[in-house]
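Below is my_file.pdb, holding PDB, C-alpha atoms.
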ATOM      1  CA  MET A   1     -19.932 -17.051   8.029
ATOM      2  CA  SER A   2     -19.634 -13.512   6.720
ATOM      3  CA  ILE A   3     -16.443 -12.157   5.217
ATOM      4  CA  ASN A   4     -16.100  -8.621   3.935
ATOM      5  CA  ILE A   5     -14.371  -8.465   0.580
ATOM      6  CA  GLU A   6     -12.628  -5.270   1.660
ATOM      7  CA  THR A   7     -10.726  -7.315   4.202
ATOM      8  CA  LEU A   8      -9.418  -9.358   1.310
ATOM      9  CA  ALA A   9      -8.486  -6.424  -0.869
ATOM     10  CA  PRO A  10      -4.957  -4.969  -0.783
ATOM     11  CA  GLY A  11      -5.234  -3.816   2.807
ATOM     12  CA  ALA A  12      -5.980  -7.099   4.456
ATOM     13  CA  ALA A  13      -4.186  -9.260   6.962
ATOM     14  CA  ILE A  14      -3.392 -11.737   4.207
ATOM     15  CA  ARG A  15      -0.362 -11.140   1.995
ATOM     16  CA  THR A  16      -1.281  -7.801   0.468
ATOM     17  CA  PRO A  17       0.738  -4.614   0.195
ATOM     18  CA  VAL A  18      -1.784  -2.068   1.392
ATOM     19  CA  ALA A  19      -1.825  -2.535   5.151
ATOM     20  CA  PRO A  20       0.305   0.245   6.709
ATOM     21  CA  THR A  21       3.464  -1.809   7.268
ATOM     22  CA  ARG A  22       3.155  -3.428   3.843
ATOM     23  CA  ARG A  23       2.504  -0.111   2.156
ATOM     24  CA  MET A  24       5.530   1.414   3.896
ATOM     25  CA  HIS A  25       7.641  -1.550   2.831
ATOM     26  CA  LEU A  26       6.472  -1.300  -0.789
ATOM     27  CA  ASP A  27       7.106   2.444  -0.871
ATOM     28  CA  ALA A  28      10.588   1.842   0.538
ATOM     29  CA  GLU A  29      11.258  -0.744  -2.172
ATOM     30  CA  ILE A  30      10.160   1.684  -4.899
ATOM     31  CA  LYS A  31      12.349   4.443  -3.469
ATOM     32  CA  GLY A  32      15.280   2.060  -3.193
ATOM     33  CA  LEU A  33      14.805   0.938  -6.787
ATOM     34  CA  LEU A  34      14.651   4.566  -7.944
ATOM     35  CA  VAL A  35      17.923   5.303  -6.164
ATOM     36  CA  ALA A  36      19.553   2.179  -7.622
ATOM     37  CA  LEU A  37      18.376   3.105 -11.123
ATOM     38  CA  ALA A  38      19.662   6.675 -10.736
ATOM     39  CA  VAL A  39      23.060   5.428  -9.539
ATOM     40  CA  LEU A  40      23.247   2.903 -12.382
ATOM     41  CA  CYS A  41      22.393   5.552 -15.005
ATOM     42  CA  THR A  42      24.968   7.926 -13.547
ATOM     43  CA  LEU A  43      27.703   5.300 -13.601
ATOM     44  CA  ALA A  44      26.743   4.234 -17.126
ATOM     45  CA  ALA A  45      26.847   7.831 -18.340
ATOM     46  CA  LEU A  46      30.291   8.278 -16.813
ATOM     47  CA  PHE A  47      31.951   5.054 -17.930
ATOM     48  CA  ALA A  48      29.959   3.458 -20.792
ATOM     49  CA  PRO A  49      30.786   5.002 -24.178
ATOM     50  CA  ASN A  50      27.813   6.688 -25.885
ATOM     51  CA  PHE A  51      25.348   5.636 -23.177
ATOM     52  CA  ALA A  52      23.928   9.134 -22.737
ATOM     53  CA  THR A  53      23.467   9.797 -26.454
ATOM     54  CA  ALA A  54      19.941  10.344 -27.748
ATOM     55  CA  GLY A  55      20.130   7.370 -30.112
ATOM     56  CA  ASN A  56      21.160   4.957 -27.371
ATOM     57  CA  LEU A  57      18.544   6.190 -24.916
ATOM     58  CA  LEU A  58      15.845   5.741 -27.553
ATOM     59  CA  ASP A  59      17.096   2.188 -28.094
ATOM     60  CA  VAL A  60      16.859   1.599 -24.331
ATOM     61  CA  LEU A  61      13.230   2.754 -24.346
ATOM     62  CA  ARG A  62      12.444   0.514 -27.295
ATOM     63  CA  GLN A  63      14.059  -2.515 -25.635
ATOM     64  CA  VAL A  64      12.167  -1.897 -22.399
ATOM     65  CA  ALA A  65       8.900  -1.654 -24.313
ATOM     66  CA  PHE A  66       9.027  -5.099 -25.924
ATOM     67  CA  THR A  67       9.252  -6.829 -22.531
ATOM     68  CA  GLY A  68       7.471  -4.159 -20.494
ATOM     69  CA  ILE A  69       4.189  -4.557 -22.371
ATOM     70  CA  VAL A  70       4.056  -8.216 -21.357
ATOM     71  CA  ALA A  71       5.434  -7.545 -17.879
ATOM     72  CA  TYR A  72       2.349  -5.620 -16.764
ATOM     73  CA  GLY A  73       0.140  -8.627 -17.395
ATOM     74  CA  MET A  74       2.755 -10.882 -15.788
ATOM     75  CA  THR A  75       2.698  -8.662 -12.699
ATOM     76  CA  LEU A  76      -0.979  -9.444 -12.153
ATOM     77  CA  VAL A  77      -0.349 -13.147 -12.791
ATOM     78  CA  ILE A  78       2.441 -13.237 -10.204
ATOM     79  CA  VAL A  79       0.447 -11.152  -7.712
ATOM     80  CA  ALA A  80      -2.240 -13.835  -7.984
ATOM     81  CA  GLY A  81       0.349 -16.461  -7.048
ATOM     82  CA  GLU A  82       0.640 -17.877 -10.565
ATOM     83  CA  ILE A  83       3.347 -17.930 -13.262
ATOM     84  CA  ASP A  84       3.362 -17.910 -17.070
ATOM     85  CA  VAL A  85       6.509 -19.234 -18.769
ATOM     86  CA  SER A  86       4.938 -19.386 -22.243
ATOM     87  CA  VAL A  87       5.064 -15.691 -23.186
ATOM     88  CA  GLY A  88       8.244 -15.987 -25.267
ATOM     89  CA  SER A  89       6.732 -18.753 -27.370
ATOM     90  CA  ALA A  90       3.462 -16.805 -27.577
ATOM     91  CA  ILE A  91       5.413 -13.900 -29.089
ATOM     92  CA  ALA A  92       6.952 -16.204 -31.696
ATOM     93  CA  PHE A  93       3.549 -17.735 -32.462
ATOM     94  CA  ALA A  94       1.993 -14.292 -32.915
ATOM     95  CA  SER A  95       4.798 -13.204 -35.230
ATOM     96  CA  ALA A  96       4.599 -16.340 -37.367
ATOM     97  CA  LEU A  97       0.805 -16.224 -37.565
ATOM     98  CA  PHE A  98       0.836 -12.565 -38.550
ATOM     99  CA  GLY A  99       3.323 -13.298 -41.312
ATOM    100  CA  VAL A 100       1.185 -16.130 -42.677
ATOM    101  CA  LEU A 101      -2.048 -14.116 -42.517
ATOM    102  CA  THR A 102      -0.571 -11.156 -44.379
ATOM    103  CA  ALA A 103       1.671 -12.972 -46.871
ATOM    104  CA  SER A 104      -0.343 -16.110 -47.644
ATOM    105  CA  PHE A 105      -3.926 -15.015 -46.937
ATOM    106  CA  HIS A 106      -3.397 -11.358 -47.898
ATOM    107  CA  LEU A 107      -5.292  -9.970 -44.925
ATOM    108  CA  PRO A 108      -4.880  -6.231 -44.316
ATOM    109  CA  LEU A 109      -2.440  -5.319 -41.541
ATOM    110  CA  TRP A 110      -5.016  -4.240 -38.983
ATOM    111  CA  GLY A 111      -7.295  -7.194 -39.724
ATOM    112  CA  ALA A 112      -4.427  -9.632 -39.285
ATOM    113  CA  ALA A 113      -3.292  -7.845 -36.112
ATOM    114  CA  LEU A 114      -6.783  -8.063 -34.610
ATOM    115  CA  ALA A 115      -6.972 -11.770 -35.439
ATOM    116  CA  VAL A 116      -3.549 -12.423 -33.884
ATOM    117  CA  VAL A 117      -4.333 -10.568 -30.631
ATOM    118  CA  THR A 118      -7.753 -12.233 -30.372
ATOM    119  CA  LEU A 119      -6.301 -15.707 -30.868
ATOM    120  CA  GLY A 120      -3.444 -14.969 -28.471
ATOM    121  CA  SER A 121      -5.934 -13.945 -25.793
ATOM    122  CA  ALA A 122      -8.067 -17.027 -26.476
ATOM    123  CA  ILE A 123      -5.073 -19.346 -26.157
ATOM    124  CA  GLY A 124      -4.085 -17.655 -22.909
ATOM    125  CA  ALA A 125      -7.637 -17.991 -21.633
ATOM    126  CA  GLY A 126      -7.553 -21.689 -22.504
ATOM    127  CA  ALA A 127      -4.375 -22.177 -20.501
ATOM    128  CA  GLY A 128      -5.900 -20.253 -17.598
ATOM    129  CA  ALA A 129      -9.075 -22.329 -17.723
ATOM    130  CA  ILE A 130      -7.076 -25.560 -17.593
ATOM    131  CA  ARG A 131      -5.193 -24.253 -14.588
ATOM    132  CA  ALA A 132      -8.377 -23.033 -12.872
ATOM    133  CA  TRP A 133     -10.844 -25.853 -13.510
ATOM    134  CA  PHE A 134      -8.453 -28.806 -13.424
ATOM    135  CA  ASN A 135      -6.279 -27.366 -10.641
ATOM    136  CA  ILE A 136      -3.073 -28.062 -12.552
ATOM    137  CA  PRO A 137      -0.181 -25.799 -11.468
ATOM    138  CA  SER A 138       0.200 -22.868 -13.830
ATOM    139  CA  PHE A 139       3.889 -23.621 -14.295
ATOM    140  CA  ILE A 140       3.042 -27.039 -15.778
ATOM    141  CA  VAL A 141       0.261 -25.697 -18.012
ATOM    142  CA  THR A 142       2.314 -22.843 -19.408
ATOM    143  CA  LEU A 143       5.391 -25.052 -19.773
ATOM    144  CA  ALA A 144       3.311 -27.215 -22.107
ATOM    145  CA  MET A 145       2.235 -24.086 -23.984
ATOM    146  CA  PHE A 146       5.874 -22.985 -24.134
ATOM    147  CA  SER A 147       6.659 -26.032 -26.244
ATOM    148  CA  ALA A 148       3.402 -26.216 -28.215
ATOM    149  CA  LEU A 149       3.310 -22.589 -29.342
ATOM    150  CA  ARG A 150       6.930 -22.583 -30.462
ATOM    151  CA  GLY A 151       6.327 -25.772 -32.400
ATOM    152  CA  ALA A 152       3.198 -24.336 -34.013
ATOM    153  CA  ALA A 153       5.145 -21.240 -35.056
ATOM    154  CA  MET A 154       7.799 -23.408 -36.705
ATOM    155  CA  LEU A 155       5.176 -25.531 -38.458
ATOM    156  CA  MET A 156       3.337 -22.539 -39.913
ATOM    157  CA  THR A 157       6.466 -21.073 -41.464
ATOM    158  CA  ASP A 158       8.675 -24.134 -41.952
ATOM    159  CA  ALA A 159      11.021 -22.343 -39.527
ATOM    160  CA  ILE A 160      11.670 -19.666 -42.177
ATOM    161  CA  PRO A 161      10.893 -15.970 -41.609
ATOM    162  CA  VAL A 162       8.007 -14.653 -43.725
ATOM    163  CA  PRO A 163       8.791 -11.197 -45.201
ATOM    164  CA  ILE A 164       6.115  -8.541 -44.680
ATOM    165  CA  LEU A 165       6.396  -5.788 -47.283
ATOM    166  CA  GLU A 166       3.243  -3.806 -46.519
ATOM    167  CA  PRO A 167       3.962  -0.053 -46.640
ATOM    168  CA  GLY A 168       3.898   1.674 -43.286
ATOM    169  CA  PHE A 169       4.212  -1.535 -41.273
ATOM    170  CA  GLU A 170       7.740  -0.665 -40.123
ATOM    171  CA  VAL A 171       6.334   2.318 -38.207
ATOM    172  CA  TRP A 172       4.755   0.001 -35.627
ATOM    173  CA  GLY A 173       8.102  -1.187 -34.274
ATOM    174  CA  SER A 174      10.615   1.360 -35.523
ATOM    175  CA  GLY A 175       8.694   4.619 -35.899
ATOM    176  CA  THR A 176       8.542   7.569 -33.522
ATOM    177  CA  VAL A 177       5.884  10.050 -32.448
ATOM    178  CA  LEU A 178       7.226  13.404 -31.248
ATOM    179  CA  GLY A 179      10.603  11.734 -30.892
ATOM    180  CA  ALA A 180       9.360   8.856 -28.737
ATOM    181  CA  PRO A 181       9.483   5.269 -30.099
ATOM    182  CA  VAL A 182       6.039   3.894 -30.905
ATOM    183  CA  PRO A 183       6.606   0.713 -28.819
ATOM    184  CA  ALA A 184       7.504   2.876 -25.816
ATOM    185  CA  LEU A 185       4.255   4.811 -26.209
ATOM    186  CA  VAL A 186       2.323   1.540 -26.361
ATOM    187  CA  MET A 187       4.121   0.405 -23.210
ATOM    188  CA  LEU A 188       3.249   3.633 -21.371
ATOM    189  CA  ALA A 189      -0.390   3.300 -22.423
ATOM    190  CA  ALA A 190      -0.408  -0.275 -21.105
ATOM    191  CA  PHE A 191       1.195   0.935 -17.878
ATOM    192  CA  ALA A 192      -1.538   3.534 -17.360
ATOM    193  CA  VAL A 193      -4.319   1.020 -17.992
ATOM    194  CA  PHE A 194      -2.911  -1.730 -15.795
ATOM    195  CA  ALA A 195      -1.985   0.658 -12.977
ATOM    196  CA  VAL A 196      -5.622   1.736 -12.804
ATOM    197  CA  VAL A 197      -6.866  -1.855 -13.057
ATOM    198  CA  ALA A 198      -4.566  -3.037 -10.258
ATOM    199  CA  ALA A 199      -5.211  -0.188  -7.838
ATOM    200  CA  ARG A 200      -8.691   1.122  -8.601
ATOM    201  CA  THR A 201     -10.931  -1.743  -9.684
ATOM    202  CA  ALA A 202     -12.665  -4.662  -8.003
ATOM    203  CA  PHE A 203     -10.908  -6.991 -10.445
ATOM    204  CA  GLY A 204      -7.533  -5.704  -9.264
ATOM    205  CA  ARG A 205      -8.466  -6.083  -5.597
ATOM    206  CA  SER A 206      -9.639  -9.613  -6.329
ATOM    207  CA  ILE A 207      -6.245 -10.479  -7.796
ATOM    208  CA  TYR A 208      -4.431  -9.345  -4.654
ATOM    209  CA  ALA A 209      -6.939 -11.229  -2.514
ATOM    210  CA  ILE A 210      -6.435 -14.443  -4.484
ATOM    211  CA  GLY A 211      -2.664 -14.092  -4.227
ATOM    212  CA  GLY A 212      -2.899 -13.557  -0.489
ATOM    213  CA  ASN A 213      -5.296 -16.400   0.246
ATOM    214  CA  ALA A 214      -7.244 -18.022  -2.573
ATOM    215  CA  GLU A 215      -9.511 -20.016  -0.254
ATOM    216  CA  ALA A 216     -10.472 -16.950   1.774
ATOM    217  CA  ALA A 217     -11.066 -15.040  -1.457
ATOM    218  CA  HIS A 218     -13.409 -17.812  -2.625
ATOM    219  CA  LEU A 219     -15.318 -17.709   0.663
ATOM    220  CA  ALA A 220     -15.686 -13.958   0.221
ATOM    221  CA  GLY A 221     -17.491 -14.524  -3.056
ATOM    222  CA  ILE A 222     -14.632 -13.820  -5.473
ATOM    223  CA  ARG A 223     -14.866 -15.939  -8.614
ATOM    224  CA  VAL A 224     -11.352 -17.316  -8.389
ATOM    225  CA  LYS A 225     -11.528 -19.565 -11.445
ATOM    226  CA  ARG A 226     -12.845 -16.852 -13.728
ATOM    227  CA  THR A 227     -10.255 -14.372 -12.464
ATOM    228  CA  ARG A 228      -7.411 -16.799 -13.108
ATOM    229  CA  THR A 229      -8.706 -17.461 -16.612
ATOM    230  CA  LEU A 230      -8.866 -13.737 -17.388
ATOM    231  CA  LEU A 231      -5.330 -13.216 -16.085
ATOM    232  CA  PHE A 232      -3.839 -15.655 -18.569
ATOM    233  CA  ALA A 233      -5.997 -14.231 -21.347
ATOM    234  CA  LEU A 234      -4.396 -10.855 -20.615
ATOM    235  CA  THR A 235      -0.842 -12.187 -20.803
ATOM    236  CA  GLY A 236      -1.678 -14.005 -24.041
ATOM    237  CA  GLY A 237      -3.059 -10.839 -25.615
ATOM    238  CA  LEU A 238      -0.151  -8.690 -24.420
ATOM    239  CA  ALA A 239       2.377 -11.224 -25.726
ATOM    240  CA  ALA A 240       0.633 -11.057 -29.103
ATOM    241  CA  ILE A 241       0.877  -7.243 -29.129
ATOM    242  CA  SER A 242       4.567  -7.400 -28.251
ATOM    243  CA  GLY A 243       5.045 -10.007 -30.981
ATOM    244  CA  LEU A 244       3.460  -7.679 -33.547
ATOM    245  CA  LEU A 245       5.789  -4.835 -32.566
ATOM    246  CA  MET A 246       8.831  -7.120 -32.753
ATOM    247  CA  THR A 247       7.640  -8.383 -36.125
ATOM    248  CA  SER A 248       7.447  -4.820 -37.403
ATOM    249  CA  ARG A 249      10.953  -4.159 -36.105
ATOM    250  CA  LEU A 250      12.287  -7.179 -38.000
ATOM    251  CA  GLY A 251      10.129  -6.755 -41.097
ATOM    252  CA  SER A 252       9.085 -10.409 -41.137
ATOM    253  CA  GLY A 253       6.955 -12.964 -39.337
ATOM    254  CA  ASN A 254       9.683 -14.825 -37.485
ATOM    255  CA  PRO A 255       9.187 -18.050 -35.494
ATOM    256  CA  ASN A 256      12.650 -17.680 -33.970
ATOM    257  CA  ILE A 257      12.004 -14.552 -31.898
ATOM    258  CA  GLY A 258      11.023 -14.427 -28.244
ATOM    259  CA  TYR A 259      13.682 -16.754 -26.869
ATOM    260  CA  GLY A 260      14.377 -15.801 -23.275
ATOM    261  CA  VAL A 261      11.627 -13.179 -23.121
ATOM    262  CA  GLU A 262       9.842 -15.077 -20.356
ATOM    263  CA  PHE A 263      12.971 -14.778 -18.195
ATOM    264  CA  ALA A 264      13.328 -11.063 -18.957
ATOM    265  CA  VAL A 265       9.673 -10.418 -18.151
ATOM    266  CA  ILE A 266       9.663 -12.369 -14.890
ATOM    267  CA  THR A 267      12.966 -10.730 -13.914
ATOM    268  CA  SER A 268      11.463  -7.272 -14.408
ATOM    269  CA  VAL A 269       8.513  -8.160 -12.188
ATOM    270  CA  ILE A 270      10.650  -9.692  -9.431
ATOM    271  CA  VAL A 271      13.227  -6.893  -9.439
ATOM    272  CA  GLY A 272      10.254  -4.513  -9.265
ATOM    273  CA  GLY A 273       9.306  -5.956  -5.874
ATOM    274  CA  ALA A 274       6.658  -8.579  -6.666
ATOM    275  CA  SER A 275       6.600 -11.781  -4.647
ATOM    276  CA  LEU A 276       6.454 -15.190  -6.309
ATOM    277  CA  PHE A 277       4.338 -16.272  -3.327
ATOM    278  CA  GLY A 278       1.606 -13.881  -4.468
ATOM    279  CA  GLY A 279      -0.233 -10.951  -2.940
ATOM    280  CA  LYS A 280       2.469  -8.362  -3.588
ATOM    281  CA  GLY A 281       3.559  -6.302  -6.587
ATOM    282  CA  SER A 282       3.006  -3.013  -8.395
ATOM    283  CA  MET A 283       3.038  -1.688 -11.934
ATOM    284  CA  LEU A 284       5.451   1.121 -11.045
ATOM    285  CA  GLY A 285       7.837  -1.398  -9.530
ATOM    286  CA  THR A 286       7.668  -3.503 -12.687
ATOM    287  CA  LEU A 287       8.352  -0.465 -14.880
ATOM    288  CA  LEU A 288      11.382   0.490 -12.799
ATOM    289  CA  GLY A 289      12.568  -3.108 -12.629
ATOM    290  CA  GLY A 290      12.416  -3.412 -16.409
ATOM    291  CA  LEU A 291      14.311  -0.157 -16.852
ATOM    292  CA  PHE A 292      16.977  -1.272 -14.391
ATOM    293  CA  ILE A 293      17.589  -4.581 -16.176
ATOM    294  CA  VAL A 294      17.693  -3.043 -19.666
ATOM    295  CA  VAL A 295      19.974  -0.167 -18.601
ATOM    296  CA  LEU A 296      22.289  -2.655 -16.872
ATOM    297  CA  ASN A 297      22.501  -4.871 -19.956
ATOM    298  CA  ASN A 298      22.904  -1.892 -22.265
ATOM    299  CA  ALA A 299      25.763  -0.504 -20.188
ATOM    300  CA  MET A 300      27.508  -3.890 -20.099
ATOM    301  CA  VAL A 301      27.240  -4.193 -23.884
ATOM    302  CA  LEU A 302      28.703  -0.713 -24.352
ATOM    303  CA  LEU A 303      31.529  -1.596 -21.959
ATOM    304  CA  GLY A 304      32.296  -4.737 -23.968
ATOM    305  CA  ILE A 305      31.560  -7.132 -21.117
ATOM    306  CA  ASN A 306      31.330 -10.790 -22.108
ATOM    307  CA  SER A 307      27.745 -11.924 -22.749
ATOM    308  CA  TYR A 308      28.142 -14.856 -20.353
ATOM    309  CA  ALA A 309      29.190 -12.417 -17.626
ATOM    310  CA  GLN A 310      26.033 -10.450 -18.398
ATOM    311  CA  ASP A 311      23.969 -13.549 -17.664
ATOM    312  CA  VAL A 312      25.795 -13.951 -14.355
ATOM    313  CA  ALA A 313      25.084 -10.316 -13.475
ATOM    314  CA  ASN A 314      21.374 -10.705 -14.302
ATOM    315  CA  GLY A 315      21.148 -13.787 -12.119
ATOM    316  CA  ILE A 316      22.791 -11.999  -9.202
ATOM    317  CA  VAL A 317      20.406  -9.046  -9.577
ATOM    318  CA  VAL A 318      17.386 -11.361  -9.428
ATOM    319  CA  LEU A 319      18.726 -13.174  -6.364
ATOM    320  CA  LEU A 320      19.434  -9.904  -4.568
ATOM    321  CA  ALA A 321      15.967  -8.618  -5.451
ATOM    322  CA  VAL A 322      14.348 -11.730  -3.985
ATOM    323  CA  LEU A 323      16.459 -11.523  -0.817
ATOM    324  CA  VAL A 324      15.641  -7.850  -0.302
ATOM    325  CA  GLY A 325      11.959  -8.413  -1.048
ATOM    326  CA  THR A 326      11.574 -11.277   1.427
ATOM    327  CA  ARG A 327      13.672  -9.849   4.254
ATOM    328  CA  PRO A 328      10.988  -7.907   6.158
ATOM    329  CA  SER A 329       8.309 -10.590   5.851
ATOM    330  CA  GLY A 330       9.910 -13.943   5.211
ATOM    331  CA  TRP A 331      12.885 -13.562   7.523
ATOM    332  CA  LEU A 332      10.821 -12.147  10.376
ATOM    333  CA  ALA A 333       8.299 -14.938   9.955
ATOM    334  CA  LEU A 334      11.126 -17.476  10.119
ATOM    335  CA  ARG A 335      12.489 -15.795  13.269
ATOM    336  CA  GLY A 336       9.015 -15.982  14.778
ATOM    337  CA  ARG A 337       8.871 -19.734  14.186
ATOM    338  CA  LYS A 338      12.247 -20.211  15.857
ATOM    339  CA  THR A 339      11.199 -18.283  18.953
ATOM    340  CA  ALA A 340       7.766 -19.924  19.191
TER     341      ALA A 340
END
Once more with this new file: its structure as structure tokens, please.
Amino acid sequence: MSINIETLAPGAAIRTPVAPTRRMHLDAEIKGLLVALAVLCTLAALFAPNFATAGNLLDVLRQVAFTGIVAYGMTLVIVAGEIDVSVGSAIAFASALFGVLTASFHLPLWGAALAVVTLGSAIGAGAGAIRAWFNIPSFIVTLAMFSALRGAAMLMTDAIPVPILEPGFEVWGSGTVLGAPVPALVMLAAFAVFAVVAARTAFGRSIYAIGGNAEAAHLAGIRVKRTRTLLFALTGGLAAISGLLMTSRLGSGNPNIGYGVEFAVITSVIVGGASLFGGKGSMLGTLLGGLFIVVLNNAMVLLGINSYAQDVANGIVVLLAVLVGTRPSGWLALRGRKTA
């Protein structure tokens, strides 16, 4: 039996976004999200006090960056039909470990940062390997990591933030280059890299193939287990980078950060048009989805809306995004079953 890998890349009959109808649908989703974001920004500028000020817009960029960096890796994970709910705890673990390495072991900043990102990637790879070789659902594996990493962060620091007083460290999370926040520049660099990986490399095509039909991808010669392992290594490393930037922003290694980040990251990916069933998603969609969520929350804060109402609004946005994203494929498929 001979199967051409190109038929399993994003252009195949399986759930991928590159066949003409899928491509048209994805482009329509991106255009719709752009229009929604433009309308939201316009309304916020008109009604939310100080929304359009330079200081607030820079804060919006910085907030998007902390989740956006992780969201690009999560996009690939979700495209592959997997999920990672441990990224918030991985951020806390990275922050706590960095604080211990610099304060207790007196490692230089860049040496400690390299160690933290390396270990974060290794832990992610371990979770991916367990999922791949033992065929345990990724939700269960990363749920275990969600608890274990947060606990490890608390143990390392006795649940107390570790001050980091190294000169220049605050620039990582709070500094600017040509007026742009450093975290936002890191996020844009990550966007460029992952956009190329997703659209222009064999690894990216393999991810879409696995998300569309993992068994067919395996028959085509794609190393499904290795790919899944690498995907979780990427999210682990990106969570560590985001944790370092948050640590710089706070000025301490803090085991209490990262709560709810996994929800924010997954929300950005879903609002950006990715499917939790796999095989569909884009980096541009994730970027726009993250911007939409952060601008919405920022505007609600400026308008003095109750924080619980903000949670309700976020939940509604996610539900609407899922309904819109599944309408052309899922609803038509359901109609086809009823008429069969």
*asked:* When the PyMOL selection byres ((chain A and resi 274-281) around 7) is applied to the structure above, which residues does it catch, written out as a ChimeraX atom specification?
replied: /A:15-17,75,78-81,208-209,211-212,269-270,272-273,282
*Distance query region 145-151 of chain A at most 10 Å, all atoms listed in the file, self and fewer than 5 positions along chain excluded, as a list in words*: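 Residues meeting the cut-off are Asp84, Val85, Ser86, Val87, Gly88, Ser89, Ala90, Ile91, Ala92, Phe93, Ala94, Ala96, Ile123, Gly124, Ala127, Phe139, Ile140, Met156, Asp158, Ala159, Pro255, Asn256, Ile257, Gly258, Tyr259 and Glu262 of chain A.
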*asked:* as a PyMOL selection string, please: the residues near Ala122 (chain A) (cut-off 9 Å, all atoms listed in the file, same-chain neighbours under 3 positions excluded).
replied: chain A and resi 117-119+125-127+233+236-237
*Give the answer as one residue: which of A:Leu76, A:Val196, A:Val177, A:Leu97 has the shortest atom-to-atom distance to Ala152 (chain A), using all atoms listed in the file?*
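The shortest atom-to-atom distance to Ala152 (chain A) comes from A:Leu97.
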*asked:* Residue by residue, what does the PyMOL selection byres ((chain A and resi 173) around 12) grab here? Present the result as a ChimeraX atom specification.
replied: /A:59,61-63,65-66,168-172,174-177,180-187,241-252
*Could you check how far CA of Ala28 (chain A) sits from CA of Ala48 (chain A), in Å to one decimal?*
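Interatomic distance, CA of Ala28 (chain A) to CA of Ala48 (chain A): 28.9 Å.
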*Gap from CA of Leu320 (chain A) to CA of Thr286 (chain A) - Å, one decimal*: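 Distance reported for this atom pair: 15.7 Å.
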